[in-house]
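Dumped query-v9.txt below, it's compact mmCIF, C-alpha atoms:
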```
# COMPACT_ATOMS: atom_id res chain seq x y z
CA MET A 170 17.62 14.09 -38.36
CA ALA A 171 14.63 13.52 -36.10
CA THR A 172 15.10 11.49 -32.94
CA LEU A 173 12.89 8.45 -33.27
CA LEU A 174 12.14 6.25 -30.28
CA MET A 175 10.62 2.81 -30.02
CA PHE A 176 9.00 2.19 -26.65
CA HIS A 177 8.60 -1.52 -26.06
CA GLY A 178 8.06 -4.14 -23.38
CA ARG A 179 10.25 -7.19 -22.86
CA GLU A 180 7.25 -9.53 -22.52
CA CYS A 181 5.06 -7.82 -25.12
CA PRO A 182 4.50 -10.18 -28.09
CA HIS A 183 3.63 -7.30 -30.44
CA CYS A 184 6.93 -5.63 -29.59
CA LYS A 185 8.82 -8.86 -30.20
CA LYS A 186 7.15 -9.22 -33.58
CA MET A 187 8.04 -5.64 -34.54
CA MET A 188 11.76 -5.97 -33.71
CA PRO A 189 12.86 -7.65 -36.97
CA ILE A 190 10.67 -5.21 -38.91
CA VAL A 191 12.41 -2.29 -37.22
CA ASP A 192 15.81 -3.88 -37.83
CA ARG A 193 14.98 -4.30 -41.51
CA LEU A 194 13.78 -0.72 -41.76
CA GLU A 195 16.99 0.54 -40.18
CA GLN A 196 19.12 -1.50 -42.55
CA GLU A 197 17.21 -0.55 -45.70
CA THR A 198 16.59 3.15 -45.06
CA GLY A 199 19.20 4.32 -42.58
CA VAL A 200 16.49 5.41 -40.17
CA ARG A 201 17.45 4.80 -36.55
CA PHE A 202 15.21 4.07 -33.58
CA GLU A 203 16.33 4.39 -29.97
CA LYS A 204 14.83 1.29 -28.39
CA ARG A 205 13.50 1.96 -24.91
CA GLU A 206 12.21 -0.95 -22.82
CA VAL A 207 9.67 0.44 -20.38
CA TRP A 208 8.57 -2.29 -17.94
CA HIS A 209 12.03 -3.15 -16.60
CA ASP A 210 13.69 0.26 -16.90
CA GLU A 211 12.18 3.12 -14.91
CA THR A 212 14.21 5.77 -16.74
CA ASN A 213 12.67 4.66 -20.01
CA ALA A 214 9.26 4.35 -18.36
CA ASP A 215 9.49 7.91 -17.05
CA LEU A 216 10.51 9.13 -20.50
CA MET A 217 7.44 7.47 -21.98
CA ARG A 218 5.22 8.89 -19.23
CA SER A 219 6.61 12.36 -19.80
CA ASN A 220 5.19 12.16 -23.32
CA ARG A 221 1.87 10.71 -22.21
CA ALA A 222 -0.34 13.34 -23.81
CA ALA A 223 1.20 12.96 -27.25
CA LEU A 224 1.41 9.18 -27.10
CA SER A 225 -1.98 8.41 -25.62
CA SER A 226 -3.75 10.59 -28.18
CA LYS A 227 -2.45 8.24 -30.87
CA CYS A 228 -2.64 5.01 -28.86
CA GLY A 229 -6.18 4.49 -27.67
CA GLY A 230 -5.86 6.90 -24.76
CA GLN A 231 -3.19 4.79 -23.07
CA LEU A 232 0.55 4.27 -23.00
CA ARG A 233 0.48 1.25 -25.27
CA VAL A 234 3.51 -0.53 -26.66
CA PRO A 235 5.03 -0.90 -29.11
CA ALA A 236 4.94 2.85 -29.69
CA PHE A 237 7.04 4.67 -32.26
CA PHE A 238 7.64 8.27 -31.33
CA ASN A 239 9.26 11.33 -32.83
CA ALA A 240 10.73 13.13 -29.84
CA ASP A 241 11.01 16.37 -31.82
CA THR A 242 7.55 16.67 -33.36
CA LYS A 243 5.71 14.45 -30.81
CA ASP A 244 4.14 12.47 -33.63
CA ALA A 245 3.48 8.83 -32.79
CA VAL A 246 2.12 5.58 -34.12
CA CYS A 247 1.62 2.44 -32.09
CA GLY A 248 0.89 -1.24 -32.27
CA GLU A 249 1.87 -4.08 -34.52
CA MET A 250 1.95 -3.03 -38.18
CA GLU A 251 3.22 -3.99 -41.60
CA TYR A 252 6.70 -2.94 -42.73
CA GLU A 253 5.38 -0.47 -45.28
CA LYS A 254 3.21 1.36 -42.76
CA LEU A 255 6.09 1.83 -40.35
CA LYS A 256 8.37 2.83 -43.20
CA ASP A 257 5.90 5.46 -44.41
CA TRP A 258 5.61 6.87 -40.92
CA ALA A 259 9.37 6.86 -40.30
CA LEU A 260 10.30 8.46 -43.61
CA LYS A 261 7.88 11.34 -43.24
CA GLN A 262 9.46 12.28 -39.90
CA MET B 25 -18.91 7.60 -8.00
CA LYS B 26 -16.22 6.55 -5.60
CA LYS B 27 -15.77 2.88 -4.91
CA ARG B 28 -15.49 1.78 -1.27
CA TYR B 29 -14.87 -1.41 0.64
CA TRP B 30 -17.60 -3.51 2.24
CA ARG B 31 -17.41 -6.57 4.53
CA CYS B 32 -20.07 -9.22 5.04
CA PHE B 33 -20.61 -9.31 8.80
CA VAL B 34 -21.50 -13.02 8.60
CA CYS B 35 -18.71 -14.60 6.56
CA ASN B 36 -16.21 -11.72 6.02
CA ASP B 37 -16.43 -11.67 2.24
CA ILE B 38 -15.01 -8.40 0.96
CA HIS B 39 -16.70 -6.35 -1.76
CA TYR B 40 -15.21 -3.32 -3.54
CA GLY B 41 -17.79 -1.12 -5.22
CA VAL B 42 -19.99 1.95 -5.02
CA ALA B 43 -22.64 -0.02 -3.11
CA PRO B 44 -22.71 -3.35 -1.26
CA PRO B 45 -24.43 -6.43 -2.68
CA GLU B 46 -27.86 -7.04 -1.17
CA LEU B 47 -27.17 -10.75 -1.06
CA CYS B 48 -23.79 -12.11 -0.01
CA PRO B 49 -22.68 -14.41 -2.83
CA THR B 50 -20.88 -16.72 -0.41
CA CYS B 51 -23.14 -17.16 2.63
CA LYS B 52 -26.38 -15.81 1.09
CA ALA B 53 -26.96 -13.49 4.05
CA LEU B 54 -29.26 -10.57 3.22
CA ASN B 55 -28.16 -6.94 3.79
CA ALA B 56 -25.03 -8.18 5.49
CA TYR B 57 -22.41 -5.77 4.16
CA VAL B 58 -20.94 -2.98 6.26
CA GLU B 59 -18.49 -0.38 4.98
CA ILE B 60 -14.88 -0.74 6.09
CA SER B 61 -11.65 1.11 5.41
CA ALA B 62 -9.27 0.20 2.60
CA ASP B 63 -6.62 -0.71 5.18
CA GLU B 64 -9.03 -3.01 6.99
CA ALA B 65 -9.97 -4.66 3.70
CA ARG B 66 -6.31 -5.20 2.85
CA ARG B 67 -5.61 -6.72 6.26
CA ILE B 68 -8.54 -9.12 5.94
CA LEU B 69 -7.67 -10.10 2.39
CA GLY B 70 -3.96 -10.44 3.11
CA GLY B 71 -4.13 -12.16 6.47
CA GLY B 72 -5.52 -15.53 5.52
CA PRO B 73 -3.76 -18.77 4.77
CA GLY B 74 -3.68 -18.10 1.06
CA VAL B 75 -0.53 -18.34 -0.98
CA ALA B 76 0.47 -16.47 -4.12
CA MET B 77 -1.19 -17.62 -7.30
CA THR B 78 1.17 -19.46 -9.60
CA PRO B 79 1.30 -18.76 -13.34
CA ALA B 80 -0.34 -22.15 -13.93
CA GLU B 81 -3.17 -21.27 -11.52
CA PHE B 82 -3.59 -17.90 -13.20
CA ARG B 83 -3.80 -19.65 -16.56
CA GLU B 84 -6.50 -21.96 -15.19
CA ALA B 85 -8.37 -18.99 -13.71
CA ILE B 86 -8.48 -17.07 -16.99
CA GLU B 87 -9.51 -20.24 -18.86
CA ARG B 88 -12.49 -20.60 -16.49
CA PHE B 89 -13.24 -16.88 -16.85
CA ALA B 90 -13.17 -17.09 -20.64
CA ALA B 91 -15.22 -20.29 -20.78
CA VAL B 92 -18.35 -18.42 -19.69
CA ASN B 93 -17.77 -15.51 -22.04
CA GLU B 94 -17.74 -14.84 -25.78
CA PHE B 95 -13.94 -14.86 -25.90
CA ARG B 96 -11.25 -17.43 -25.20
CA VAL B 97 -7.61 -17.49 -24.22
CA ASN B 98 -5.45 -17.12 -27.33
CA PRO B 99 -4.63 -20.56 -28.79
CA ASP B 100 -1.08 -19.33 -29.52
CA ALA B 101 0.64 -21.02 -26.58
CA GLU B 102 3.96 -19.23 -27.07
CA LYS B 103 2.28 -15.82 -27.00
CA VAL B 104 0.26 -16.70 -23.92
CA ALA B 105 3.35 -17.98 -22.10
CA MET B 106 5.21 -14.75 -22.85
CA LEU B 107 2.30 -12.62 -21.69
CA ILE B 108 1.85 -14.53 -18.44
CA GLU B 109 5.58 -14.21 -17.78
CA GLY B 110 5.22 -10.45 -18.20
CA ILE B 111 2.09 -10.26 -16.08
CA PHE B 112 3.87 -12.01 -13.22
CA ALA B 113 7.01 -9.91 -13.67
CA ASN B 114 4.85 -6.81 -13.41
CA GLU B 115 3.16 -8.12 -10.27
CA ALA B 116 6.57 -8.82 -8.72
CA ASN B 117 8.08 -5.49 -9.75
CA HIS B 118 5.10 -3.15 -9.66
CA GLY B 119 2.52 -4.71 -7.34
CA LEU B 120 -0.31 -5.81 -9.61
CA LYS B 121 -0.80 -7.98 -12.66
CA TYR B 122 -0.44 -5.15 -15.14
CA CYS B 123 -0.73 -5.77 -18.87
CA PRO B 124 2.78 -6.17 -20.37
CA CYS B 125 1.69 -4.23 -23.46
CA ARG B 126 0.68 -0.98 -21.78
CA LEU B 127 2.74 1.10 -19.39
CA ARG B 128 1.24 2.17 -16.07
CA THR B 129 0.83 5.89 -15.58
CA LYS B 130 1.38 5.85 -11.78
CA GLU B 131 -2.19 7.13 -11.33
CA TRP B 132 -3.94 4.48 -9.22
CA ASP B 133 -7.43 4.60 -10.75
CA GLU B 134 -6.07 4.82 -14.28
CA ASP B 135 -3.66 1.95 -13.73
CA LEU B 136 -6.37 -0.33 -12.36
CA LYS B 137 -7.64 -0.36 -15.95
CA LEU B 138 -4.43 -2.19 -16.92
CA VAL B 139 -4.80 -5.10 -14.51
CA CYS B 140 -5.22 -8.36 -16.39
CA PRO B 141 -7.85 -9.32 -17.35
CA CYS B 142 -8.79 -5.73 -18.18
CA ASN B 143 -12.15 -4.62 -19.54
CA PHE B 144 -10.98 -5.04 -23.11
CA THR B 145 -14.52 -5.58 -24.42
CA ILE B 146 -14.90 -1.79 -24.68
CA HIS B 147 -11.62 -1.30 -26.53
CA GLU B 148 -11.49 -0.58 -30.26
CA THR B 149 -9.39 -3.70 -30.80
CA TYR B 150 -12.31 -5.88 -29.66
CA LYS B 151 -15.66 -4.09 -29.65
CA GLY B 152 -17.46 -4.69 -32.93
CA VAL B 153 -14.42 -6.42 -34.43
CA GLU B 154 -15.11 -9.87 -35.88
CA ASP B 155 -11.71 -11.29 -34.95
CA GLY B 156 -11.25 -8.88 -32.06
CA GLU B 157 -8.77 -9.34 -29.28
CA CYS B 158 -7.55 -7.49 -26.24
CA TRP B 159 -4.65 -5.13 -26.81
CA CYS B 160 -2.02 -7.65 -25.78
CA GLY B 161 -3.74 -10.58 -27.50
CA LEU B 162 -4.22 -12.76 -24.42
CA PHE B 163 -7.94 -12.98 -25.14
CA VAL B 164 -9.49 -13.38 -28.60
CA ARG B 165 -13.09 -13.42 -29.69
CA ARG B 166 -14.46 -16.95 -29.92
CA LYS B 167 -15.44 -17.92 -33.49
```

Once you've parsed the file, please lay out its structure as structure tokens.
Amino acid sequence: MATLLMFHGRECPHCKKMMPIVDRLEQETGVRFEKREVWHDETNADLMRSNRAALSSKCGGQLRVPAFFNADTKDAVCGEMEYEKLKDWALKQ
Amino acid sequence: MKKRYWRCFVCNDIHYGVAPPELCPTCKALNAYVEISADEARRILGGGPGVAMTPAEFREAIERFAAVNEFRVNPDAEKVAMLIEGIFANEANHGLKYCPCRLRTKEWDEDLKLVCPCNFTIHETYKGVEDGECWCGLFVRRK
């Protein structure tokens, strides 16, 4: 199974809004996201930076959060989104 | 074009840009700016009697900034409070008021683009969008 990551920020309102959506997706589909907070954890921040090229190409040229990332294929989607959109992205990984 | 630091030789205003202002906005002196080093600029800016801006003062500052523009501070008070908490946490932990919704790259020039308020008017989340907002949602287009 692909390793899916969710990069998020503790004080990012979009990330906060996505948390229950991610939780629901995990419960309903069995998909799992590794949640990596990036503004208060430098290890997580460095991991996000190490994937800058792949992430920024899908996120307005920047390291925006929330960002959902497939560590194996380097596919990514970012921002606040509806449940179905995230589900579609996660299930095709 | 590389930005440099300039000091008004009359009133010590500091300007950061590719060229100095012809007219000093504070003392109105003409052709008064001389180039200085970044270290000198930092010493001048950091050596005064000023104290750190509080979150409430920052909130007032961005309200005044927005009042003369086509956008306003988001009316969602809870969201704004969370964002300002993050902005101040980032200043305390990382040196500048970085946007809580974008990670800094550790490249100085690139990361200056993340300092709040950023130039969000060129971003796809705002430019040409009827109900546009900056990426984090601190500023929203005025209706």

**Message:** Residues of chain A within 10 Å of chain B, counting only C-alpha atoms, what are they? List them as JSON, numbers by chain.
**Reply:** {"A": [176, 177, 178, 179, 180, 181, 182, 183, 184, 207, 208, 209, 214, 215, 217, 218, 219, 221, 228, 229, 231, 232, 233, 234, 235, 236, 248]}

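Separating CA of Gly70 (chain B) from CA of Lys121 (chain B) is a distance of 16.3 Å.
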
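Separating CA of Phe95 (chain B) from CA of Ile146 (chain B) is a distance of 13.2 Å.
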
**Request:** Name the closest residue to Phe82 (chain B) among the candidates B:Val153, B:Cys140, B:Cys35, B:Ala56; distances are taken between atoms, counting only C-alpha atoms.
**Result:** B:Cys140

**Asked** Quick one: residues within 12 Å of region 42-48 of chain B, only C-alpha atoms counted, chain neighbours fewer than 5 positions away excluded, as JSON, numbers by chain?
**Response** {"B": [25, 26, 27, 28, 29, 30, 31, 32, 33, 34, 35, 36, 37, 53, 54, 55, 56, 57, 58, 59, 60]}

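Here CA of Gly152 (chain B) and CA of Cys247 (chain A) stand 20.4 Å from one another.
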
**Message:** Can you pull out the residues contacting Ala90 (chain B)? Cut-off 10 Å, using all atoms listed in the file, and skip same-chain residues under 5 positions away; I want them as a ChimeraX atom specification.
**Reply:** /B:84-85,95-97,141,163-166

**Request:** Please provide as a list in words all residues within 12 Å of Arg201 (chain A), with the sequence filter that same-chain residues fewer than 5 positions apart are discarded (counting all atoms listed in the file).
**Result:** Met170, Ala171, Thr172, Leu173, Leu174, Met175, Val191, Asp192, Arg193, Leu194, Glu195, Gln196, Phe237, Phe238, Asn239, Lys256, Ala259, Leu260 and Gln262 of chain A

What would the file look like if the residues just selected were written as a PDB file, keeping the file's coordinate frame with C-alpha atoms?
```
ATOM      1  CA  MET A 170      17.620  14.090 -38.360  1.00  0.00           C
ATOM      2  CA  ALA A 171      14.630  13.520 -36.100  1.00  0.00           C
ATOM      3  CA  THR A 172      15.100  11.490 -32.940  1.00  0.00           C
ATOM      4  CA  LEU A 173      12.890   8.450 -33.270  1.00  0.00           C
ATOM      5  CA  LEU A 174      12.140   6.250 -30.280  1.00  0.00           C
ATOM      6  CA  MET A 175      10.620   2.810 -30.020  1.00  0.00           C
ATOM      7  CA  VAL A 191      12.410  -2.290 -37.220  1.00  0.00           C
ATOM      8  CA  ASP A 192      15.810  -3.880 -37.830  1.00  0.00           C
ATOM      9  CA  ARG A 193      14.980  -4.300 -41.510  1.00  0.00           C
ATOM     10  CA  LEU A 194      13.780  -0.720 -41.760  1.00  0.00           C
ATOM     11  CA  GLU A 195      16.990   0.540 -40.180  1.00  0.00           C
ATOM     12  CA  GLN A 196      19.120  -1.500 -42.550  1.00  0.00           C
ATOM     13  CA  PHE A 237       7.040   4.670 -32.260  1.00  0.00           C
ATOM     14  CA  PHE A 238       7.640   8.270 -31.330  1.00  0.00           C
ATOM     15  CA  ASN A 239       9.260  11.330 -32.830  1.00  0.00           C
ATOM     16  CA  LYS A 256       8.370   2.830 -43.200  1.00  0.00           C
ATOM     17  CA  ALA A 259       9.370   6.860 -40.300  1.00  0.00           C
ATOM     18  CA  LEU A 260      10.300   8.460 -43.610  1.00  0.00           C
ATOM     19  CA  GLN A 262       9.460  12.280 -39.900  1.00  0.00           C
TER      20      GLN A 262
END
```
